Each structure stands twice: as C-alpha cells, then as structure tokens.
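Structure first, commentary second.
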Amino acid sequence: MAGTGNYLFAGTSSGIFRSADNAASWSGANAGIDSPFVSSLFVNGSDLFVGFNKGVLRSADNAATWTDVSEGLPAASIDCLAISGAYLVAGSTSGVWRRKLAEISSGIALPGTSARETGFGPHPDNQLRPGSGIDFTTARPGPADLGVYDTRGNRKGTLLHSHLATGAHNATLEGAGMATGAYTLVLHAGGTVRTRRFIFRK
C-alpha cells in the first residue's frame, strides 16, 4: 500500500485500487494494464511507481494514466522498488535493475522515441456517442491498441489493433453492446499507456 496527495493506493493480484476517502471505499485504477498482478508500490514525490509481473509503470497523475518505464528490464515480476540516490531501483527474481530518475520523471524522450507525445487529442466534452471519432497521436511507429473498458476494468470493445506510423490517427467508437454509462478509453502505443474517461450516451 502507498499514499500520495489525497489518495491511498493498494496493489493486489486483481490490479491497482485507489481510495480518496481514507479507505472507506475503493475503485479500480488499472485500466489499460495488460497484466494486473501488482507486487510492489513506491511513491517518490508526485510519482507513483508500480511493480508488476511485466515490469514497472509510473503515474504522475494519481493513476489516471500510466507510462511503462521498464526500458532495459528483463521480463520478470518486480517484487520491490526503492530510490537510491538519483536512481529508481527494482528488485526481481532475475536480479536488480536501476534507472536514472531524470530519465523517467523529467519528460526527456527515451532512446527510440521522438519528441512527439503519445496521447489523445482534445475533445470538447467527455460525452461520446455511437460513431464518435477519437483523435490520438503516437510518438513512434509500432503496434498500437485502443480499447474501451467499463468501470470494473472489463474490456467492452476494440477500436483499433494495428501497426501504426508516427503521427496523428483517428478511430471510431461504434458502441455495439455498450449501455449508457461511464467508460475509459485505453491506448497502448510505443511502450506508453494513456487513458481517457468518458460518458457513453446512445
């Protein structure tokens, strides 16, 4: 368990959960994380780091979005996280890995990326309807996946699953089988996870 700002975070075998009321209630905060088995949590200032069975993720916005910071880390479960000087240190069954915090927290482009940011384009409000277009950009070429999840973290549809070039893209939300309510768009691209919450109305 870890805390930052007004939030508490708990890592479980079912994902990350967040509380804003001193643990009186909890909500899932792991939309877009492929494998939700969380084995370690660590807070450094406004950064929340999560170790799970595929590497390390970082959030700077209280788990609203996640960035994969596992560059150079062998695929292994991360059992512990710590700060040592200018480094984030991760311990796993395969050994110990470290990475400079400046590379993770400053927004400096990592090797193999460009200055363009992966993320969603502007939208006038958070309400979407069948046929709504979703604008987004990718920072580098490679596989990309854009899905929609309900409040329980269940995937309700796939808007795009393809290899994309660097640049601007658009996908359409068909909404088949979706009831009116709250959902989250989750974009995986270039080692980055971006999310956007929205209200779906028919």
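Just so we're on the same page: first chain in the structure tokens is A, next is B, and so on; residues restart at 1 for each chain, and ligands are numbered from 1 in the order they show up.
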
Skip A:Thr137 itself and residues of its chain fewer than 6 positions away, then list as a PyMOL selection string all residues within 12 Å of it, counting only C-alpha atoms. chain A and resi 114-122+144+146+164-171+187-190+192+194

For the structure I just gave you, how does DSSP split stretch 4-201 of chain A - specifically, which residues are strand (DSSP E)? Reply as a PyMOL selection string. chain A and resi 4+7-12+15-19+27-28+38-44+47-52+55-59+66-68+78-84+87-92+95-100+119-120+127-128+132-138+142-150+155-164+167-173+181-189+192-200

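When the distance limit is 10 Å and only C-alpha atoms are what count, the residues near A:Asp61, minus those fewer than 5 positions from it on the same chain, are Thr4, Ser46, Asp47, Leu48 and Trp66 of chain A.
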
Dump as a compact mmCIF listing (two decimals), in the first residue's frame, selection limited to N, CA and C atoms:
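Produced file part.txt, reproduced below:
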```txt
# COMPACT_ATOMS: atom_id res chain seq x y z
N THR A 4 -0.23 9.11 -1.79
CA THR A 4 0.28 10.34 -2.37
C THR A 4 -0.85 11.34 -2.48
N SER A 46 5.51 13.26 -6.41
CA SER A 46 4.20 13.09 -7.06
C SER A 46 4.15 11.86 -7.96
N ASP A 47 5.25 11.11 -8.02
CA ASP A 47 5.32 9.93 -8.88
C ASP A 47 4.92 8.67 -8.11
N LEU A 48 4.02 7.90 -8.68
CA LEU A 48 3.66 6.59 -8.14
C LEU A 48 4.24 5.53 -9.06
N TRP A 66 -0.86 5.87 -17.13
CA TRP A 66 0.34 5.09 -16.79
C TRP A 66 1.33 5.11 -17.94
```

Near stretch 176-183 of chain A, counting only C-alpha atoms, which residues have an atom at most 10 Å away, once you skip same-chain residues fewer than 3 positions from it, shown as a VMD selection string? chain A and resid 31 126 to 130 148 to 157 173 186 196 to 202

A:Thr93, A:Thr65, A:Ser84, A:Asn22 ranked by distance to A:Asn53, top pick (using only C-alpha atoms):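 Of all the options, A:Thr93 lies closest to A:Asn53.
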
Name all residues at most 12 Å from A:Gly95 (count only C-alpha atoms; drop same-chain ones fewer than 2 positions away) and give them as a list in words.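 The filter keeps Leu73, Pro74, Ala75, Ala76, Ser77, Ile78, Asp79, Cys80, Val89, Ala90, Gly91, Ser92, Thr93, Trp97 and Arg98 of chain A.
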
Quick one: pull the distance between atom CA of A:Ile134 and atom CA of A:His163, Å, one decimal. 17.1 Å

Name the residues of chain A that come out as helix (DSSP H, G or I) in a backbone DSSP run; write them as a list in words.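 DSSP on the backbone gives helix (DSSP H, G or I) at Leu101, Ala102, Glu103, Ile104 and Ser105 of chain A.
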
Selection export as a JSON list (two decimals), in the first residue's frame, atoms kept: N, CA and C atoms:
```
[["chain", "number", "residue", "atom", "x", "y", "z"],
["A", 101, "LEU", "N", 16.40, 8.56, -12.31],
["A", 101, "LEU", "CA", 15.10, 9.20, -12.15],
["A", 101, "LEU", "C", 14.90, 10.33, -13.16],
["A", 102, "ALA", "N", 15.98, 10.99, -13.54],
["A", 102, "ALA", "CA", 15.87, 12.09, -14.50],
["A", 102, "ALA", "C", 15.34, 11.60, -15.84],
["A", 103, "GLU", "N", 15.67, 10.38, -16.22],
["A", 103, "GLU", "CA", 15.17, 9.82, -17.48],
["A", 103, "GLU", "C", 13.68, 9.50, -17.40],
["A", 104, "ILE", "N", 13.21, 9.21, -16.21],
["A", 104, "ILE", "CA", 11.82, 8.79, -16.03],
["A", 104, "ILE", "C", 10.91, 9.97, -15.77],
["A", 105, "SER", "N", 11.33, 10.90, -14.92],
["A", 105, "SER", "CA", 10.43, 11.92, -14.40],
["A", 105, "SER", "C", 10.50, 13.27, -15.10]]
```

Find the residue from A:Pro143, A:Arg18, A:Ala2, A:Ala29 that sits nearest to A:Phe49; use only C-alpha atoms when measuring.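 Of all the options, A:Ala2 lies closest to A:Phe49.
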
Got a sec: who's within 8 Å of A:Tyr7, counting only C-alpha atoms, leaving out chain neighbours fewer than 2 positions off, as number ranges by chain? A: 3-5, 9, 18-22, 62

Would you compute the distance between atom CA of A:Ala63 and atom CA of A:Ala10? Give it in Å to one decimal.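 So the two atoms, atom CA of A:Ala63 and atom CA of A:Ala10, lie 11.4 Å apart.
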
Find, counting only C-alpha atoms, the residue in A:Ala23, A:Val50, A:Ala86, A:Val38 that gets nearest to A:Val69.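 So, comparing all the options, the nearest one is A:Val50.
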
Straight-line distance linking atom CA of A:Val96 with atom CA of A:Gly51, stated in Å to one decimal: 12.8 Å
